[in-house]
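Single-structure report; data block below.
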Amino acid sequence: MKGRQFLLRLCEAWGLVGGAALLGCMATMVITVVGAGFDSPLLGDSEIIELLGGIAVFTFLPYCQLRGANVFVDFFTKPLPERWKSGLDALMNVVFAAVALVLTWRLIEGGLGAYERSKRSMFLQLPDWWGYAIGAFSMLLWIAVCLMRVSRFDIGLWMFAGALVLIGLRMPVGVVMLLVGGVGYAAINGVDPLLNTLKTLPFSQFANYTLTVIPLFLLMGEFATKAGMSAALFRAGRAWFGHWRGGLAVATIGGCAAFGAICGSSFATAATMTRVAGPEMRKAGYSPALWTGTLAAGGTLGILIPPSVILVIYAVFTEQSIGALFIAAIIPGILAAIQYMIVVNLYVRFVPAAVVQMEKATWRERIVATHGVWPVLLVFGLVVIGIYRGWFSPTEGAGVGAFATLLMAVWRGGMRLAGLREALLSTGETTAMMFLIMLGAQLFSAGLASSQMPTLFAQKVAGLQASPTVIMLAILVAYFILGCFMESLAMVLLTLPVFIPLILALDFGMSKDAVLVWFGILVLISVEVGMISPPFGLNLFLINSMAKDVPMGETYKGVLGFCAMDAVRLALLVFFPLLALWLPGLR
């Protein structure tokens, strides 16, 4: 506030300097006229008037901006709500500041050139650079006033909008969040606080005991792939369900769900199962729409079935128990797998030509195939039950799970030095990408928190005459839309600073912890839906890149039924929160 008051007084004082210059112009003209009457003209009067007139105009500009004395045409914007007008005013002030910055730059260059050439007026020999210096200082004051007129709320709003635009222009998500978050944080708190924050933020974010769980879970998924667990899961599913109509697709769904229990990544699950199950379904004569749609949807089970990387990040952000979130995701995850199998069954009933009937496996084949699944059950039980029962922390559980899958991979012969090298580098690639996004998200969240935009937004929305359920549904629709364009981790970290205060401001008749766990599962499912929603669901592009001969339109057709079933499951969870809260014992 002191800085704001100082700026106001400085602009007024600077405007009075312009007033004095204008009085000087007046006096000079009077003297010139009187002198001409006595045949004694004032030499250099035009130079004095030009200099004083220029000083007056330049010094009046910041005060003009301070008072908002600009000409507007509000024919089109008059009907808009006041909040929208405020946002447009904020944008206008930012544009004004940008224009003033360009003018300042050119004035400084002009002044330096005049100084270097020792340029002076013709009669009075006044240095020209004085005028340029006064003009540049006035422009700097104009910039300060423009930025001062932007409220903290508007800074937060434009931070969010700017981040979306830059991400849409294909800038790396982590870099966008660092850039926008840093600019917003500096605009509100100052450059020195930003630099102090950046001095400690990267190390504290990367050297974080709790977040170490993420690379360990990713490493566990890599080891599981090398151990051949994904192939074993698909073989077991094929032995039990392959003779059904659409049985291979059902087996793929089951394999994705089981592999997701030891992976935690949607992309990794989709890519791995595409390599394993894709050729089998193609060879069996499945239609391109069915088998690519199944793989795209099945891949999303990788982030829904615990352990889930997204849930870990959500837990850290909202300070919730990772174990409680994992347990809360079990029933929705199982429900998702069953619903996807129902979609396959309905699809083959309405499109019989999409599949070819396969022979039924013998009981011996089923037993042998099922025997290969026990490592997955062992690792899943060890990690999830161990975390929930308190045998070890989530980070320790991830380490134990990764070590167990490593032993499995070595025992099965799928892990040699080359495989270990590949697993470590693949994990490193994904880990670095995720942690860069999280670093940017931390600074972005700090900037938004300083703007108070999330809190004010939550208060405004909570004050609307709408039920909490309707507001929740609106948030989930927003996630659907964003999910079509953005990577899941980026979407979650970008929106949580805005939506979490809003959710906590609404009365759902539950405890704070219960609301946050419930909302975490809803966010997870919404992310899942976005990843397979045409036209830009990221899983669709992943599958298409691995099945280049299948037109994207076929994958779009194949995935629509799964999207519809996701919407049904999400509605069930919205209206029946106990589906997520019963196992962790929250109310």
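Residue numbers start at 1 in each chain; chains themselves are named A, B, ... in the order of the structure tokens; ligands are numbered from 1 in the order shown.
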
Contact residues around Gly174 of chain A with only C-alpha atoms at 12 Å, ignoring same-chain residues under 2 positions, as a VMD selection string | chain A and resid 163 166 to 167 170 to 172 176 to 182 432 to 444 487 489 to 491 493 to 494

Next, the residues of the selection above should be written as a compact mmCIF listing (two decimals), in the first residue's frame with N, CA and C atoms.
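What follows is the written file part-v1.txt:
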```txt
# COMPACT_ATOMS: atom_id res chain seq x y z
N ALA A 163 -1.63 -18.77 -19.54
CA ALA A 163 -1.05 -20.11 -19.54
C ALA A 163 -1.76 -21.02 -20.55
N LEU A 166 -0.63 -20.00 -24.15
CA LEU A 166 0.74 -20.42 -24.47
C LEU A 166 0.85 -21.94 -24.62
N ILE A 167 0.13 -22.67 -23.78
CA ILE A 167 0.11 -24.13 -23.91
C ILE A 167 -0.51 -24.52 -25.25
N ARG A 170 1.75 -24.65 -28.22
CA ARG A 170 2.73 -25.74 -28.20
C ARG A 170 4.01 -25.38 -27.43
N MET A 171 3.94 -24.44 -26.51
CA MET A 171 5.07 -24.22 -25.62
C MET A 171 5.07 -25.31 -24.55
N PRO A 172 6.24 -25.78 -24.12
CA PRO A 172 6.28 -26.81 -23.08
C PRO A 172 5.53 -26.38 -21.83
N VAL A 176 5.89 -22.95 -19.55
CA VAL A 176 4.79 -21.97 -19.52
C VAL A 176 4.43 -21.64 -18.08
N MET A 177 4.29 -22.66 -17.23
CA MET A 177 3.92 -22.41 -15.85
C MET A 177 5.00 -21.62 -15.10
N LEU A 178 6.25 -21.93 -15.38
CA LEU A 178 7.34 -21.17 -14.76
C LEU A 178 7.31 -19.72 -15.22
N LEU A 179 7.13 -19.50 -16.52
CA LEU A 179 7.14 -18.15 -17.07
C LEU A 179 5.95 -17.34 -16.55
N VAL A 180 4.75 -17.87 -16.74
CA VAL A 180 3.54 -17.14 -16.33
C VAL A 180 3.49 -16.98 -14.82
N GLY A 181 3.81 -18.05 -14.10
CA GLY A 181 3.81 -17.97 -12.64
C GLY A 181 4.83 -16.96 -12.13
N GLY A 182 6.02 -16.94 -12.75
CA GLY A 182 7.05 -15.99 -12.33
C GLY A 182 6.64 -14.54 -12.59
N ALA A 432 11.69 -36.55 -15.36
CA ALA A 432 12.12 -35.17 -15.58
C ALA A 432 10.98 -34.32 -16.12
N MET A 433 10.21 -34.88 -17.06
CA MET A 433 9.08 -34.15 -17.62
C MET A 433 8.07 -33.81 -16.54
N MET A 434 7.75 -34.79 -15.69
CA MET A 434 6.75 -34.57 -14.64
C MET A 434 7.23 -33.55 -13.61
N PHE A 435 8.48 -33.65 -13.20
CA PHE A 435 8.97 -32.77 -12.15
C PHE A 435 9.14 -31.33 -12.66
N LEU A 436 9.45 -31.17 -13.95
CA LEU A 436 9.50 -29.82 -14.50
C LEU A 436 8.11 -29.18 -14.46
N ILE A 437 7.11 -29.97 -14.81
CA ILE A 437 5.73 -29.46 -14.75
C ILE A 437 5.35 -29.13 -13.31
N MET A 438 5.74 -30.00 -12.38
CA MET A 438 5.40 -29.74 -10.97
C MET A 438 6.12 -28.51 -10.42
N LEU A 439 7.36 -28.29 -10.86
CA LEU A 439 8.09 -27.09 -10.43
C LEU A 439 7.37 -25.85 -10.94
N GLY A 440 7.00 -25.87 -12.24
CA GLY A 440 6.26 -24.75 -12.79
C GLY A 440 4.93 -24.56 -12.10
N ALA A 441 4.25 -25.67 -11.80
CA ALA A 441 2.95 -25.60 -11.14
C ALA A 441 3.07 -25.00 -9.75
N GLN A 442 4.17 -25.28 -9.07
CA GLN A 442 4.36 -24.73 -7.72
C GLN A 442 4.48 -23.21 -7.76
N LEU A 443 5.26 -22.70 -8.72
CA LEU A 443 5.40 -21.26 -8.85
C LEU A 443 4.10 -20.64 -9.36
N PHE A 444 3.45 -21.31 -10.30
CA PHE A 444 2.17 -20.84 -10.83
C PHE A 444 1.14 -20.75 -9.70
N GLU A 487 -2.40 -32.44 -21.62
CA GLU A 487 -1.88 -33.62 -20.93
C GLU A 487 -2.43 -33.64 -19.51
N LEU A 489 -1.48 -34.51 -16.41
CA LEU A 489 -0.77 -33.93 -15.27
C LEU A 489 -0.81 -32.41 -15.33
N ALA A 490 -0.57 -31.85 -16.52
CA ALA A 490 -0.60 -30.40 -16.67
C ALA A 490 -1.99 -29.85 -16.36
N MET A 491 -3.02 -30.54 -16.83
CA MET A 491 -4.38 -30.08 -16.60
C MET A 491 -4.71 -30.05 -15.11
N LEU A 493 -2.61 -29.93 -12.47
CA LEU A 493 -1.83 -28.96 -11.72
C LEU A 493 -2.21 -27.52 -12.07
N LEU A 494 -2.67 -27.30 -13.29
CA LEU A 494 -3.09 -25.96 -13.69
C LEU A 494 -4.40 -25.54 -13.02
```

Excluding segment 314-317 of chain A and residues on its chain fewer than 3 positions from it, collect all residues at most 12 Å away from it, counting only C-alpha atoms, and give them as a count of residues only.
-> 45

Apply DSSP to the backbone of this structure and, from segment 190-305 of chain A, keep only the residues in alpha helix (DSSP H); write these as a PyMOL selection string.
-> chain A and resi 191-206+213-226+229-241+247-260+266-283+288-299+301-304

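Nearest residue to Arg366 of chain A among A:Leu456, A:Leu233, A:Ala270, A:Met510 is A:Leu233, counting only C-alpha atoms.
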
Between atom CA of Leu424 of chain A and atom CA of Pro215 of chain A - distance in Å to one decimal = 9.8 Å

Looking at A:Phe350, A:Phe241, A:Phe217, A:Phe562, which one is nearest to Gly260 of chain A, with distances taken over only C-alpha atoms?
-> A:Phe217

Residue contacts of Ala289 of chain A (8 Å, only C-alpha atoms) excluding same-chain residues fewer than 6 positions away, as a VMD selection string = chain A and resid 554 to 559

Given the selection you just returned, output its residues as a file containing N, CA, C and O atoms, formatted as an mmCIF file, in the first residue's frame.
```cif
data_model
loop_
_atom_site.group_PDB
_atom_site.id
_atom_site.type_symbol
_atom_site.label_atom_id
_atom_site.label_comp_id
_atom_site.auth_asym_id
_atom_site.auth_seq_id
_atom_site.Cartn_x
_atom_site.Cartn_y
_atom_site.Cartn_z
ATOM 1 N N GLU A 554 -11.816 -44.216 -37.360
ATOM 2 C CA GLU A 554 -12.200 -45.524 -36.832
ATOM 3 C C GLU A 554 -12.002 -45.574 -35.317
ATOM 4 O O GLU A 554 -12.840 -46.104 -34.586
ATOM 5 N N THR A 555 -10.903 -45.017 -34.844
ATOM 6 C CA THR A 555 -10.649 -44.988 -33.395
ATOM 7 C C THR A 555 -11.684 -44.120 -32.699
ATOM 8 O O THR A 555 -12.151 -44.458 -31.597
ATOM 9 N N TYR A 556 -12.047 -43.010 -33.327
ATOM 10 C CA TYR A 556 -13.100 -42.155 -32.764
ATOM 11 C C TYR A 556 -14.393 -42.949 -32.579
ATOM 12 O O TYR A 556 -15.043 -42.887 -31.524
ATOM 13 N N LYS A 557 -14.774 -43.699 -33.602
ATOM 14 C CA LYS A 557 -16.006 -44.493 -33.514
ATOM 15 C C LYS A 557 -15.910 -45.537 -32.410
ATOM 16 O O LYS A 557 -16.868 -45.773 -31.665
ATOM 17 N N GLY A 558 -14.765 -46.174 -32.310
ATOM 18 C CA GLY A 558 -14.611 -47.241 -31.330
ATOM 19 C C GLY A 558 -14.620 -46.779 -29.895
ATOM 20 O O GLY A 558 -14.946 -47.546 -28.986
ATOM 21 N N VAL A 559 -14.256 -45.511 -29.652
ATOM 22 C CA VAL A 559 -14.098 -45.045 -28.279
ATOM 23 C C VAL A 559 -15.356 -44.369 -27.738
ATOM 24 O O VAL A 559 -15.454 -44.119 -26.526
#
```

Name all residues at most 12 Å from Pro127 of chain A (count only C-alpha atoms; drop same-chain ones fewer than 2 positions away) and give them as a VMD selection string.
-> chain A and resid 47 51 111 to 125 129 to 133

Export of the given selection (N, CA and C atoms) as a PDB file, in the first residue's frame:
```
ATOM      1  N   GLU A  47      11.521  27.833 -29.455  1.00  0.00           N
ATOM      2  CA  GLU A  47      12.229  26.702 -28.839  1.00  0.00           C
ATOM      3  C   GLU A  47      11.762  26.496 -27.404  1.00  0.00           C
ATOM      4  N   LEU A  51       9.811  23.142 -26.056  1.00  0.00           N
ATOM      5  CA  LEU A  51      10.350  22.339 -24.952  1.00  0.00           C
ATOM      6  C   LEU A  51       9.354  22.256 -23.800  1.00  0.00           C
ATOM      7  N   GLY A 111      17.207   9.631 -26.988  1.00  0.00           N
ATOM      8  CA  GLY A 111      17.960  10.469 -26.061  1.00  0.00           C
ATOM      9  C   GLY A 111      19.439  10.147 -26.073  1.00  0.00           C
ATOM     10  N   LEU A 112      19.780   8.849 -26.132  1.00  0.00           N
ATOM     11  CA  LEU A 112      21.196   8.467 -26.183  1.00  0.00           C
ATOM     12  C   LEU A 112      21.842   8.956 -27.472  1.00  0.00           C
ATOM     13  N   GLY A 113      21.074   8.858 -28.570  1.00  0.00           N
ATOM     14  CA  GLY A 113      21.618   9.360 -29.834  1.00  0.00           C
ATOM     15  C   GLY A 113      21.852  10.857 -29.792  1.00  0.00           C
ATOM     16  N   ALA A 114      20.897  11.608 -29.216  1.00  0.00           N
ATOM     17  CA  ALA A 114      21.049  13.063 -29.111  1.00  0.00           C
ATOM     18  C   ALA A 114      22.222  13.430 -28.214  1.00  0.00           C
ATOM     19  N   TYR A 115      22.436  12.655 -27.154  1.00  0.00           N
ATOM     20  CA  TYR A 115      23.557  12.916 -26.238  1.00  0.00           C
ATOM     21  C   TYR A 115      24.890  12.644 -26.918  1.00  0.00           C
ATOM     22  N   GLU A 116      24.966  11.540 -27.662  1.00  0.00           N
ATOM     23  CA  GLU A 116      26.216  11.183 -28.332  1.00  0.00           C
ATOM     24  C   GLU A 116      26.576  12.208 -29.408  1.00  0.00           C
ATOM     25  N   ARG A 117      25.566  12.768 -30.090  1.00  0.00           N
ATOM     26  CA  ARG A 117      25.823  13.754 -31.148  1.00  0.00           C
ATOM     27  C   ARG A 117      25.883  15.181 -30.603  1.00  0.00           C
ATOM     28  N   SER A 118      25.689  15.314 -29.284  1.00  0.00           N
ATOM     29  CA  SER A 118      25.678  16.638 -28.630  1.00  0.00           C
ATOM     30  C   SER A 118      24.703  17.578 -29.326  1.00  0.00           C
ATOM     31  N   LYS A 119      23.539  17.045 -29.652  1.00  0.00           N
ATOM     32  CA  LYS A 119      22.542  17.820 -30.386  1.00  0.00           C
ATOM     33  C   LYS A 119      21.900  18.857 -29.466  1.00  0.00           C
ATOM     34  N   ARG A 120      21.798  20.123 -29.950  1.00  0.00           N
ATOM     35  CA  ARG A 120      21.238  21.209 -29.162  1.00  0.00           C
ATOM     36  C   ARG A 120      20.293  22.051 -30.020  1.00  0.00           C
ATOM     37  N   SER A 121      19.474  22.879 -29.342  1.00  0.00           N
ATOM     38  CA  SER A 121      18.559  23.758 -30.075  1.00  0.00           C
ATOM     39  C   SER A 121      19.354  24.875 -30.767  1.00  0.00           C
ATOM     40  N   MET A 122      18.727  25.495 -31.779  1.00  0.00           N
ATOM     41  CA  MET A 122      19.454  26.426 -32.650  1.00  0.00           C
ATOM     42  C   MET A 122      19.860  27.713 -31.927  1.00  0.00           C
ATOM     43  N   PHE A 123      18.921  28.362 -31.192  1.00  0.00           N
ATOM     44  CA  PHE A 123      19.203  29.671 -30.596  1.00  0.00           C
ATOM     45  C   PHE A 123      19.694  29.567 -29.153  1.00  0.00           C
ATOM     46  N   LEU A 124      18.984  28.796 -28.348  1.00  0.00           N
ATOM     47  CA  LEU A 124      19.294  28.729 -26.917  1.00  0.00           C
ATOM     48  C   LEU A 124      20.325  27.662 -26.561  1.00  0.00           C
ATOM     49  N   GLN A 125      20.644  26.811 -27.542  1.00  0.00           N
ATOM     50  CA  GLN A 125      21.627  25.740 -27.330  1.00  0.00           C
ATOM     51  C   GLN A 125      21.252  24.822 -26.153  1.00  0.00           C
ATOM     52  N   TRP A 129      18.616  16.019 -25.337  1.00  0.00           N
ATOM     53  CA  TRP A 129      18.404  14.779 -24.579  1.00  0.00           C
ATOM     54  C   TRP A 129      17.583  15.016 -23.306  1.00  0.00           C
ATOM     55  N   TRP A 130      17.524  16.267 -22.827  1.00  0.00           N
ATOM     56  CA  TRP A 130      16.686  16.561 -21.666  1.00  0.00           C
ATOM     57  C   TRP A 130      15.225  16.169 -21.931  1.00  0.00           C
ATOM     58  N   GLY A 131      14.737  16.609 -23.071  1.00  0.00           N
ATOM     59  CA  GLY A 131      13.348  16.307 -23.427  1.00  0.00           C
ATOM     60  C   GLY A 131      13.099  14.814 -23.544  1.00  0.00           C
ATOM     61  N   TYR A 132      14.067  14.104 -24.170  1.00  0.00           N
ATOM     62  CA  TYR A 132      13.918  12.648 -24.289  1.00  0.00           C
ATOM     63  C   TYR A 132      13.898  11.980 -22.913  1.00  0.00           C
ATOM     64  N   ALA A 133      14.752  12.478 -22.002  1.00  0.00           N
ATOM     65  CA  ALA A 133      14.817  11.880 -20.658  1.00  0.00           C
ATOM     66  C   ALA A 133      13.502  12.085 -19.903  1.00  0.00           C
TER      67      ALA A 133
END
```

Name all residues at most 7 Å from segment 376-385 of chain A (count only C-alpha atoms; drop same-chain ones fewer than 4 positions away) and give them as a PyMOL selection string.
-> chain A and resi 229+261-262+389+397-398+401+404

Generate a file of the selected residues that holds C-alpha atoms, formatted as a PDB file, in the first residue's frame.
```pdb
ATOM      1  CA  MET A 229       3.869 -59.195 -16.738  1.00  0.00           C
ATOM      2  CA  ALA A 261      -2.169 -51.878 -10.682  1.00  0.00           C
ATOM      3  CA  ILE A 262       1.624 -52.004 -11.020  1.00  0.00           C
ATOM      4  CA  ARG A 389      -2.133 -51.173   6.758  1.00  0.00           C
ATOM      5  CA  GLY A 397       5.948 -48.962  -0.636  1.00  0.00           C
ATOM      6  CA  ALA A 398       7.010 -47.692  -4.054  1.00  0.00           C
ATOM      7  CA  GLY A 401       7.284 -52.600  -5.165  1.00  0.00           C
ATOM      8  CA  ALA A 404       9.975 -56.777  -6.077  1.00  0.00           C
TER       9      ALA A 404
END
```

For Ala564 of chain A, which residue among A:Phe58, A:Asn539, A:Ile342, A:Ala478 is the nearest when counting only C-alpha atoms?
->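 So, comparing all the options, the nearest one is A:Ile342.
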
Residue neighbourhood segment 503-508 of chain A, 12 Å, only C-alpha atoms, exclusion window fewer than 6 positions, as an MDAnalysis selection string = chainID A and resid 318 454:476 495:497 514:520 522:523 574:577 587

Could those residues be written to a file, using N, CA and C atoms, as a tab-separated table (two decimals), in the first residue's frame?
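Output contents, as saved in selection39.tsv:
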```tsv
chain	number	residue	atom	x	y	z
A	318	THR	N	-2.97	-31.43	-2.11
A	318	THR	CA	-4.08	-31.15	-1.19
A	318	THR	C	-3.79	-31.61	0.24
A	454	PRO	N	-8.13	-17.37	-6.83
A	454	PRO	CA	-8.90	-18.58	-6.52
A	454	PRO	C	-9.88	-18.40	-5.37
A	455	THR	N	-9.44	-17.69	-4.31
A	455	THR	CA	-10.32	-17.49	-3.15
A	455	THR	C	-11.51	-16.60	-3.50
A	456	LEU	N	-11.24	-15.50	-4.20
A	456	LEU	CA	-12.33	-14.60	-4.58
A	456	LEU	C	-13.28	-15.28	-5.57
A	457	PHE	N	-12.70	-16.05	-6.48
A	457	PHE	CA	-13.52	-16.78	-7.44
A	457	PHE	C	-14.42	-17.78	-6.71
A	458	ALA	N	-13.84	-18.46	-5.73
A	458	ALA	CA	-14.62	-19.43	-4.95
A	458	ALA	C	-15.76	-18.74	-4.21
A	459	GLN	N	-15.47	-17.57	-3.63
A	459	GLN	CA	-16.51	-16.84	-2.91
A	459	GLN	C	-17.64	-16.39	-3.84
A	460	LYS	N	-17.26	-15.93	-5.03
A	460	LYS	CA	-18.28	-15.47	-5.98
A	460	LYS	C	-19.16	-16.63	-6.44
A	461	VAL	N	-18.52	-17.76	-6.77
A	461	VAL	CA	-19.29	-18.91	-7.26
A	461	VAL	C	-20.14	-19.49	-6.14
A	462	ALA	N	-19.56	-19.57	-4.93
A	462	ALA	CA	-20.31	-20.11	-3.80
A	462	ALA	C	-21.52	-19.24	-3.47
A	463	GLY	N	-21.44	-17.95	-3.81
A	463	GLY	CA	-22.56	-17.05	-3.54
A	463	GLY	C	-23.65	-17.10	-4.59
A	464	LEU	N	-23.43	-17.85	-5.66
A	464	LEU	CA	-24.46	-17.96	-6.69
A	464	LEU	C	-25.63	-18.80	-6.18
A	465	GLN	N	-26.77	-18.58	-6.79
A	465	GLN	CA	-27.96	-19.36	-6.41
A	465	GLN	C	-27.96	-20.68	-7.18
A	466	ALA	N	-26.96	-21.50	-6.89
A	466	ALA	CA	-26.85	-22.81	-7.55
A	466	ALA	C	-26.43	-23.82	-6.50
A	467	SER	N	-26.92	-25.03	-6.64
A	467	SER	CA	-26.60	-26.07	-5.66
A	467	SER	C	-25.15	-26.51	-5.84
A	468	PRO	N	-24.49	-26.99	-4.77
A	468	PRO	CA	-23.11	-27.48	-4.89
A	468	PRO	C	-22.96	-28.56	-5.96
A	469	THR	N	-23.99	-29.41	-6.11
A	469	THR	CA	-23.90	-30.48	-7.11
A	469	THR	C	-23.83	-29.92	-8.52
A	470	VAL	N	-24.62	-28.87	-8.79
A	470	VAL	CA	-24.60	-28.25	-10.12
A	470	VAL	C	-23.22	-27.63	-10.39
A	471	ILE	N	-22.66	-26.98	-9.39
A	471	ILE	CA	-21.33	-26.38	-9.54
A	471	ILE	C	-20.29	-27.47	-9.77
A	472	MET	N	-20.41	-28.58	-9.04
A	472	MET	CA	-19.49	-29.69	-9.23
A	472	MET	C	-19.57	-30.23	-10.66
A	473	LEU	N	-20.79	-30.38	-11.16
A	473	LEU	CA	-20.97	-30.87	-12.53
A	473	LEU	C	-20.35	-29.90	-13.54
A	474	ALA	N	-20.47	-28.60	-13.29
A	474	ALA	CA	-19.87	-27.60	-14.19
A	474	ALA	C	-18.34	-27.74	-14.19
A	475	ILE	N	-17.75	-27.98	-13.02
A	475	ILE	CA	-16.30	-28.17	-12.93
A	475	ILE	C	-15.88	-29.40	-13.73
A	476	LEU	N	-16.65	-30.48	-13.61
A	476	LEU	CA	-16.30	-31.71	-14.32
A	476	LEU	C	-16.43	-31.53	-15.83
A	495	THR	N	-5.29	-26.49	-12.82
A	495	THR	CA	-6.64	-26.16	-12.35
A	495	THR	C	-6.83	-26.31	-10.85
A	496	LEU	N	-6.06	-27.14	-10.20
A	496	LEU	CA	-6.28	-27.36	-8.77
A	496	LEU	C	-6.20	-26.09	-7.93
A	497	PRO	N	-5.24	-25.18	-8.20
A	497	PRO	CA	-5.22	-23.94	-7.39
A	497	PRO	C	-6.50	-23.13	-7.48
A	514	ALA	N	-13.02	-35.82	3.50
A	514	ALA	CA	-13.88	-36.63	2.64
A	514	ALA	C	-14.14	-35.93	1.31
A	515	VAL	N	-14.39	-34.62	1.37
A	515	VAL	CA	-14.64	-33.86	0.13
A	515	VAL	C	-13.42	-33.90	-0.78
A	516	LEU	N	-12.24	-33.71	-0.19
A	516	LEU	CA	-11.03	-33.68	-1.01
A	516	LEU	C	-10.72	-35.04	-1.62
A	517	VAL	N	-10.93	-36.11	-0.88
A	517	VAL	CA	-10.71	-37.45	-1.43
A	517	VAL	C	-11.72	-37.74	-2.53
A	518	TRP	N	-12.97	-37.44	-2.27
A	518	TRP	CA	-14.04	-37.64	-3.27
A	518	TRP	C	-13.75	-36.83	-4.54
A	519	PHE	N	-13.38	-35.57	-4.36
A	519	PHE	CA	-13.08	-34.72	-5.52
A	519	PHE	C	-11.86	-35.25	-6.27
A	520	GLY	N	-10.89	-35.79	-5.54
A	520	GLY	CA	-9.71	-36.35	-6.21
A	520	GLY	C	-10.07	-37.49	-7.15
A	522	LEU	N	-13.05	-37.92	-8.55
A	522	LEU	CA	-13.81	-37.32	-9.65
A	522	LEU	C	-12.87	-36.67	-10.67
A	523	VAL	N	-11.85	-35.99	-10.18
A	523	VAL	CA	-10.86	-35.38	-11.08
A	523	VAL	C	-10.15	-36.46	-11.88
A	574	VAL	N	-20.79	-38.80	-8.50
A	574	VAL	CA	-21.25	-37.49	-8.06
A	574	VAL	C	-22.43	-37.63	-7.11
A	575	PHE	N	-23.37	-38.48	-7.46
A	575	PHE	CA	-24.60	-38.61	-6.67
A	575	PHE	C	-24.48	-39.65	-5.55
A	576	PHE	N	-23.48	-40.52	-5.64
A	576	PHE	CA	-23.26	-41.54	-4.59
A	576	PHE	C	-21.79	-41.53	-4.18
A	577	PRO	N	-21.37	-40.51	-3.41
A	577	PRO	CA	-19.95	-40.39	-3.03
A	577	PRO	C	-19.41	-41.60	-2.27
A	587	ARG	N	-16.43	-39.92	5.80
A	587	ARG	CA	-17.83	-39.46	5.73
A	587	ARG	C	-17.86	-37.94	5.56
```

d(atom CA of Leu586 of chain A, atom CA of Leu572 of chain A) in Å | 17.5 Å
